[in-house]
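Asks: Pasting input_39.pdb here (PDB, C-alpha atoms):
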```pdb
ATOM      1  CA  MET F 180      -6.349 -16.475  -9.451
ATOM      2  CA  LEU F 181      -7.816 -19.947  -9.569
ATOM      3  CA  SER F 182      -9.786 -20.826 -12.663
ATOM      4  CA  LEU F 183     -13.023 -22.772 -12.615
ATOM      5  CA  ARG F 184     -11.229 -25.582 -14.469
ATOM      6  CA  LYS F 185      -8.621 -25.914 -11.661
ATOM      7  CA  ILE F 186     -11.339 -25.951  -8.999
ATOM      8  CA  LYS F 187     -13.294 -28.667 -10.834
ATOM      9  CA  ALA F 188     -10.088 -30.690 -11.247
ATOM     10  CA  ALA F 189      -9.310 -30.421  -7.508
ATOM     11  CA  PHE F 190     -12.810 -31.595  -6.569
ATOM     12  CA  SER F 191     -12.747 -34.505  -9.048
ATOM     13  CA  LYS F 192      -9.228 -35.561  -7.931
ATOM     14  CA  TYR F 193     -10.615 -36.364  -4.483
ATOM     15  CA  SER F 194     -13.985 -37.613  -5.775
ATOM     16  CA  LEU F 195     -15.847 -34.764  -4.110
ATOM     17  CA  PRO F 196     -19.120 -33.420  -5.502
ATOM     18  CA  LEU F 197     -18.978 -29.843  -6.719
ATOM     19  CA  PRO F 198     -20.761 -27.413  -4.401
ATOM     20  CA  PHE F 199     -24.174 -26.405  -5.714
ATOM     21  CA  GLY F 200     -23.946 -23.584  -8.207
ATOM     22  CA  LEU F 201     -20.182 -23.801  -8.750
ATOM     23  CA  GLY F 202     -20.536 -25.250 -12.215
ATOM     24  CA  SER F 203     -22.802 -22.397 -13.257
ATOM     25  CA  GLY F 204     -20.595 -19.741 -11.668
ATOM     26  CA  MET F 205     -23.276 -18.725  -9.172
ATOM     27  CA  ILE F 206     -21.153 -18.942  -6.018
ATOM     28  CA  PHE F 207     -17.719 -18.661  -7.648
ATOM     29  CA  PRO F 208     -17.407 -14.926  -6.883
ATOM     30  CA  LEU F 209     -18.466 -15.502  -3.278
ATOM     31  CA  LEU F 210     -15.827 -18.160  -2.723
ATOM     32  CA  PHE F 211     -13.011 -15.922  -3.854
ATOM     33  CA  SER F 212     -14.003 -12.500  -2.570
ATOM     34  CA  CYS F 213     -11.545 -12.904   0.344
ATOM     35  CA  ALA F 214      -8.780 -13.980  -2.033
ATOM     36  CA  GLU F 215      -9.423 -10.901  -4.149
ATOM     37  CA  ALA F 216      -9.217  -8.673  -1.066
ATOM     38  CA  GLU F 217      -5.908 -10.285  -0.071
ATOM     39  CA  ARG F 218      -4.518  -9.620  -3.558
ATOM     40  CA  LEU F 219      -4.936  -5.905  -2.936
ATOM     41  CA  TYR F 220      -2.112  -6.118  -0.408
ATOM     42  CA  ASP F 221       1.475  -6.939  -1.246
ATOM     43  CA  SER F 222       3.126  -9.932   0.439
ATOM     44  CA  PHE F 223       6.410  -8.105   1.133
ATOM     45  CA  PRO F 224       6.939  -7.743   4.901
ATOM     46  CA  ALA F 225       6.692  -4.182   6.190
ATOM     47  CA  TYR F 226       6.374  -2.816   9.704
ATOM     48  CA  PHE F 227       6.191   0.724  11.068
ATOM     49  CA  VAL F 228       4.439   2.343  14.039
ATOM     50  CA  TYR F 229       4.371   6.080  14.652
ATOM     51  CA  ARG F 230       2.620   7.450  17.721
ATOM     52  CA  ASN F 231       1.442  11.054  17.992
ATOM     53  CA  THR F 232       0.912  11.583  14.266
ATOM     54  CA  ASN F 233      -0.463  15.014  15.147
ATOM     55  CA  THR F 234       3.070  16.210  16.073
ATOM     56  CA  VAL F 235       4.352  16.092  12.470
ATOM     57  CA  SER F 236       2.392  18.532  10.301
ATOM     58  CA  GLN F 237       2.819  16.587   7.041
ATOM     59  CA  LEU F 238       1.672  13.325   8.604
ATOM     60  CA  ASN F 239      -1.160  15.036  10.473
ATOM     61  CA  ALA F 240      -2.450  16.546   7.230
ATOM     62  CA  ALA F 241      -2.371  13.155   5.488
ATOM     63  CA  MET F 242      -4.152  11.403   8.367
ATOM     64  CA  GLY F 243      -6.784  14.101   8.837
ATOM     65  CA  GLY F 244      -7.856  15.024   5.320
ATOM     66  CA  PHE F 245      -8.835  13.418   2.054
ATOM     67  CA  GLY F 246      -6.491  13.529  -0.944
ATOM     68  CA  ASP F 247      -3.414  14.685   0.982
ATOM     69  CA  PHE F 248      -0.526  12.222   1.194
ATOM     70  CA  CYS F 249       2.738  12.075   3.106
ATOM     71  CA  LEU F 250       5.984  10.386   2.091
ATOM     72  CA  ILE F 251       7.825   8.671   4.950
ATOM     73  CA  GLN F 252      11.483   7.933   4.168
ATOM     74  CA  ASP F 253      14.363   6.364   6.070
ATOM     75  CA  LYS F 254      17.274   8.798   5.809
ATOM     76  CA  GLY F 255      19.821   7.020   8.000
ATOM     77  CA  ALA F 256      19.649   8.606  11.447
ATOM     78  CA  THR F 257      16.336  10.342  10.714
ATOM     79  CA  LEU F 258      12.873   9.739   9.308
ATOM     80  CA  LEU F 259      11.811  12.303   6.719
ATOM     81  CA  PHE F 260       8.097  13.158   6.502
ATOM     82  CA  SER F 261       7.248  15.217   3.414
ATOM     83  CA  ASN F 262       4.335  16.428   1.349
ATOM     84  CA  LEU F 263       3.834  19.178  -1.225
ATOM     85  CA  GLY F 264       3.959  21.807   1.548
ATOM     86  CA  GLY F 265       7.343  20.877   2.993
ATOM     87  CA  SER F 266       9.156  18.325   5.119
ATOM     88  CA  THR F 267      10.044  17.475   8.707
ATOM     89  CA  SER F 268      12.946  15.327   9.932
ATOM     90  CA  VAL F 269      12.569  13.302  13.120
ATOM     91  CA  ASN F 270      15.529  11.672  14.846
ATOM     92  CA  LYS F 271      14.977   7.902  14.807
ATOM     93  CA  THR F 272      16.040   7.522  18.418
ATOM     94  CA  ALA F 273      13.049   9.674  19.401
ATOM     95  CA  VAL F 274      10.688   7.112  17.838
ATOM     96  CA  GLU F 275       9.727   4.217  20.098
ATOM     97  CA  GLY F 276      10.658   0.817  18.613
ATOM     98  CA  TYR F 277      12.497   2.189  15.586
ATOM     99  CA  GLN F 278      15.003  -0.713  15.607
ATOM    100  CA  GLY F 279      12.332  -3.187  14.487
ATOM    101  CA  PHE F 280      10.931  -1.102  11.637
ATOM    102  CA  ARG F 281      10.971  -2.448   8.097
ATOM    103  CA  LEU F 282      10.074   0.322   5.699
ATOM    104  CA  GLY F 283       9.106  -1.698   2.629
ATOM    105  CA  ARG F 284      11.263  -2.378  -0.389
ATOM    106  CA  GLY F 285      12.771   1.052  -0.772
ATOM    107  CA  GLY F 286      12.948   2.363   2.770
ATOM    108  CA  GLY F 287       9.723   4.319   2.764
ATOM    109  CA  PHE F 288       5.974   4.611   2.466
ATOM    110  CA  ILE F 289       3.298   6.856   1.031
ATOM    111  CA  VAL F 290       0.342   7.254   3.411
ATOM    112  CA  GLY F 291      -2.915   9.198   3.309
ATOM    113  CA  GLN F 292      -6.658   9.048   2.794
ATOM    114  CA  PRO F 293      -7.844   8.825  -0.811
ATOM    115  CA  THR F 294     -10.703  10.972  -2.050
ATOM    116  CA  MET F 295     -12.281   7.979  -3.812
ATOM    117  CA  MET F 296     -13.524   5.192  -1.582
ATOM    118  CA  SER F 297     -13.203   2.576  -4.324
ATOM    119  CA  ASP F 298     -10.632   0.818  -2.160
ATOM    120  CA  ALA F 299     -10.916   0.199   1.567
ATOM    121  CA  PRO F 300     -12.145   3.263   3.488
ATOM    122  CA  GLY F 301      -9.658   5.103   5.667
ATOM    123  CA  VAL F 302      -5.899   5.458   5.523
ATOM    124  CA  VAL F 303      -3.963   3.638   2.800
ATOM    125  CA  CYS F 304      -0.263   2.832   2.601
ATOM    126  CA  TYR F 305       1.840   2.248  -0.508
ATOM    127  CA  ASP F 306       5.509   1.400  -0.911
ATOM    128  CA  ILE F 307       7.575   4.380  -1.996
ATOM    129  CA  VAL F 308       9.298   2.477  -4.833
ATOM    130  CA  CYS F 309       8.195   2.537  -8.446
ATOM    131  CA  PRO F 310       6.768  -0.959  -9.073
ATOM    132  CA  PHE F 311       7.612  -0.808 -12.789
ATOM    133  CA  CYS F 312      11.309  -0.088 -12.155
ATOM    134  CA  TYR F 313      11.417  -2.612  -9.319
ATOM    135  CA  GLU F 314       9.850  -5.463 -11.291
ATOM    136  CA  ASN F 315      11.628  -4.777 -14.585
ATOM    137  CA  SER F 316      15.056  -3.566 -13.451
ATOM    138  CA  ALA F 317      15.254  -4.515  -9.734
ATOM    139  CA  LEU F 318      15.664  -0.806  -8.903
ATOM    140  CA  THR F 319      14.283   0.711  -5.709
ATOM    141  CA  LYS F 320      13.733   4.162  -7.195
ATOM    142  CA  PRO F 321      11.586   6.304  -4.861
ATOM    143  CA  LEU F 322       8.548   8.091  -6.208
ATOM    144  CA  SER F 323       8.002  11.851  -5.871
ATOM    145  CA  LEU F 324       4.777  13.721  -5.130
ATOM    146  CA  ILE F 325       3.949  15.881  -8.151
ATOM    147  CA  SER F 326       0.453  17.086  -7.204
ATOM    148  CA  LEU F 327      -2.288  16.271  -4.726
ATOM    149  CA  GLY F 328      -2.850  12.538  -4.999
ATOM    150  CA  LYS F 329      -0.261  11.920  -7.747
ATOM    151  CA  VAL F 330       3.246  10.488  -7.596
ATOM    152  CA  GLN F 331       5.754  10.041 -10.386
ATOM    153  CA  CYS F 332       8.934   8.055 -10.992
ATOM    154  CA  ASP F 333      11.820  10.259 -12.105
ATOM    155  CA  ARG F 334      13.389   7.342 -13.999
ATOM    156  CA  CYS F 335      10.539   5.863 -16.088
ATOM    157  CA  GLN F 336       8.171   8.877 -15.830
ATOM    158  CA  ARG F 337       5.181   6.701 -14.882
ATOM    159  CA  THR F 338       2.553   8.412 -12.745
ATOM    160  CA  TYR F 339       0.344   6.747 -10.138
ATOM    161  CA  ASP F 340      -3.004   7.970  -8.812
ATOM    162  CA  LEU F 341      -3.039   7.667  -5.026
ATOM    163  CA  ASN F 342      -6.752   8.546  -4.968
ATOM    164  CA  ASN F 343      -7.572   5.628  -7.259
ATOM    165  CA  MET F 344      -5.935   2.552  -5.664
ATOM    166  CA  GLY F 345      -2.418   3.531  -6.785
ATOM    167  CA  ILE F 346      -3.179   2.747 -10.416
ATOM    168  CA  SER F 347      -1.023   4.074 -13.252
ATOM    169  CA  PRO F 348      -2.619   5.139 -16.560
ATOM    170  CA  GLU F 349       0.363   3.423 -18.214
ATOM    171  CA  GLY F 350      -0.572   0.141 -16.519
ATOM    172  CA  GLY F 351       0.243  -1.415 -13.154
ATOM    173  CA  ARG F 352      -0.353  -0.316  -9.599
ATOM    174  CA  LEU F 353       1.629   0.553  -6.495
ATOM    175  CA  PHE F 354       2.587  -2.054  -3.896
ATOM    176  CA  LYS F 355       0.047  -1.679  -1.081
ATOM    177  CA  TYR F 356       0.448  -2.532   2.619
ATOM    178  CA  LYS F 357      -2.063  -3.082   5.406
ATOM    179  CA  CYS F 358      -2.337  -0.111   7.744
ATOM    180  CA  SER F 359      -4.554   1.654  10.253
ATOM    181  CA  HIS F 360      -4.704   4.995  12.048
ATOM    182  CA  LYS F 361      -6.356   5.228  15.456
ATOM    183  CA  SER F 362      -5.854   7.598  18.376
ATOM    184  CA  TYR F 363      -3.012   9.434  16.614
ATOM    185  CA  THR F 364      -1.115   6.189  15.986
ATOM    186  CA  LEU F 365      -0.206   5.058  12.472
ATOM    187  CA  ASN F 366       0.316   1.315  12.299
ATOM    188  CA  ILE F 367       1.667  -0.322   9.128
ATOM    189  CA  ASP F 368       1.919  -4.069   9.570
ATOM    190  CA  ASN F 369       2.308  -6.344   6.583
ATOM    191  CA  ARG F 370       4.264  -9.144   8.272
TER     192      ARG F 370
END
```
Show the structure stored in the file as structure tokens.
Replies:
Amino acid sequence: MLSLRKIKAAFSKYSLPLPFGLGSGMIFPLLFSCAEAERLYDSFPAYFVYRNTNTVSQLNAAMGGFGDFCLIQDKGATLLFSNLGGSTSVNKTAVEGYQGFRLGRGGGFIVGQPTMMSDAPGVVCYDIVCPFCYENSALTKPLSLISLGKVQCDRCQRTYDLNNMGISPEGGRLFKYKCSHKSYTLNIDNR
């Protein structure tokens, strides 16, 4: 994030007057509210579209209720949709446009609607990899659902709260992607 010192230096470098209130910090939060919102989303390119989300029970539950999440994983010839209640495999060739999909860092996503609206309202999407293992060991270890709204890494044992912006009590947060769900179509597009 830009500091006030860097902003003042940029304005003085080009002999520009500081906008009113910037020196006192009055409009500083307003200038960077969009930058803060962008930081919520990871820059890694991801793309996935699934039409008729109501035809897969695990995905339908995650799209239609609060606190229920679905893991979507690339399993070679199939896509695996799973939650705490079970799983469903769908042949990739039955999914329109599957050749162009990019399922994040680790070949999967976690999608659902959090119970806490402290983030953006509606459906959220996280990468399925443990960010701690990815950033510290370059491992794409997938997370596992352990309870409603909680995932855990089998390797480092960190847990992440899906209902609270993907934050871990041990520090850090999940990689988040831009997504939407309208008319039974899940669209994840972080390109």
Asks: Can you check which parts of range 225-248 of chain F lie within 9 Å of range 265-279 of chain F? Per residue, the shortest pair of atoms and distance in Å to one decimal, counting all atoms listed in the file, sorted by chain and number, as CSV.
Replies:
```
residue,atom,partner,partner_atom,distance
F:Tyr226,CA,F:Gly279,CA,7.6
F:Phe227,CA,F:Tyr277,CA,7.9
F:Val228,CA,F:Gly276,CA,7.9
F:Tyr229,CA,F:Val274,CA,7.1
F:Arg230,CA,F:Val274,CA,8.1
F:Val235,CA,F:Thr267,CA,7.0
F:Ser236,CA,F:Thr267,CA,7.9
F:Gln237,CA,F:Ser266,CA,6.8
```
Asks: Quick one: of F:Phe311, F:Gly286, F:Asp333, F:Leu259, who's nearest to Gly350 in chain F, counting only C-alpha atoms?
Replies: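 Smallest distance to Gly350 in chain F is found for F:Phe311.
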Asks: From the list F:Gln331, F:Ser316, F:Asn342, F:Thr232, which residue is nearest Asn366 in chain F when using only C-alpha atoms?
Replies: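 Closest candidate: F:Thr232.
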Asks: F:Lys320, F:Lys357, F:Arg284, F:Lys329: which is nearest Leu263 in chain F, counting only C-alpha atoms?
Replies: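 So, comparing all the options, the nearest one is F:Lys329.
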Asks: So that I can check the surroundings of Arg337 in chain F, please list as an mmCIF file with C-alpha atoms, in the frame of the given file every protein, DNA and RNA residue that reaches within 12 Å of it, counting only C-alpha atoms and ignoring chain neighbours fewer than 5 positions away.
Replies:
```
data_model
loop_
_atom_site.group_PDB
_atom_site.id
_atom_site.type_symbol
_atom_site.label_atom_id
_atom_site.label_comp_id
_atom_site.auth_asym_id
_atom_site.auth_seq_id
_atom_site.Cartn_x
_atom_site.Cartn_y
_atom_site.Cartn_z
ATOM 1 C CA VAL F 308 9.298 2.477 -4.833
ATOM 2 C CA CYS F 309 8.195 2.537 -8.446
ATOM 3 C CA PRO F 310 6.768 -0.959 -9.073
ATOM 4 C CA PHE F 311 7.612 -0.808 -12.789
ATOM 5 C CA CYS F 312 11.309 -0.088 -12.155
ATOM 6 C CA LYS F 320 13.733 4.162 -7.195
ATOM 7 C CA PRO F 321 11.586 6.304 -4.861
ATOM 8 C CA LEU F 322 8.548 8.091 -6.208
ATOM 9 C CA SER F 323 8.002 11.851 -5.871
ATOM 10 C CA ILE F 325 3.949 15.881 -8.151
ATOM 11 C CA LYS F 329 -0.261 11.920 -7.747
ATOM 12 C CA VAL F 330 3.246 10.488 -7.596
ATOM 13 C CA GLN F 331 5.754 10.041 -10.386
ATOM 14 C CA CYS F 332 8.934 8.055 -10.992
ATOM 15 C CA GLY F 345 -2.418 3.531 -6.785
ATOM 16 C CA ILE F 346 -3.179 2.747 -10.416
ATOM 17 C CA SER F 347 -1.023 4.074 -13.252
ATOM 18 C CA PRO F 348 -2.619 5.139 -16.560
ATOM 19 C CA GLU F 349 0.363 3.423 -18.214
ATOM 20 C CA GLY F 350 -0.572 0.141 -16.519
ATOM 21 C CA GLY F 351 0.243 -1.415 -13.154
ATOM 22 C CA ARG F 352 -0.353 -0.316 -9.599
ATOM 23 C CA LEU F 353 1.629 0.553 -6.495
#
```
Asks: What box, with edges along x, y and z, holds each listed atom of range 223-235 of chain F when 6 Å is added on every side, and can you state its centre and edge lengths in Å to one decimal, as AutoDock Vina command-line options?
Replies:
```
--center_x 3.2 --center_y 4.1 --center_z 9.6 --size_x 19.4 --size_y 36.3 --size_z 28.9
```
Asks: Smallest atom-to-atom distance to Gly283 in chain F: which of F:Ala256, F:Leu341, F:Ile367, F:Met242, using all atoms listed in the file?
Replies: F:Ile367
Asks: How far is it from CA of Asp306 in chain F to CA of Arg281 in chain F, in Å with one decimal?
Replies: 11.2 Å
Asks: Translate the PyMOL selection byres ((chain F and resi 292) around 12) into a concrete residue list for this structure, as a ChimeraX atom specification.
Replies: /F:238-249,289-291,293-305,327-328,341-345,358-360
Asks: Name the closest residue to Glu314 in chain F among the candidates F:Phe280, F:Asp253, F:Thr338, F:Phe354; distances are taken between atoms, counting all atoms listed in the file.
Replies: F:Phe354
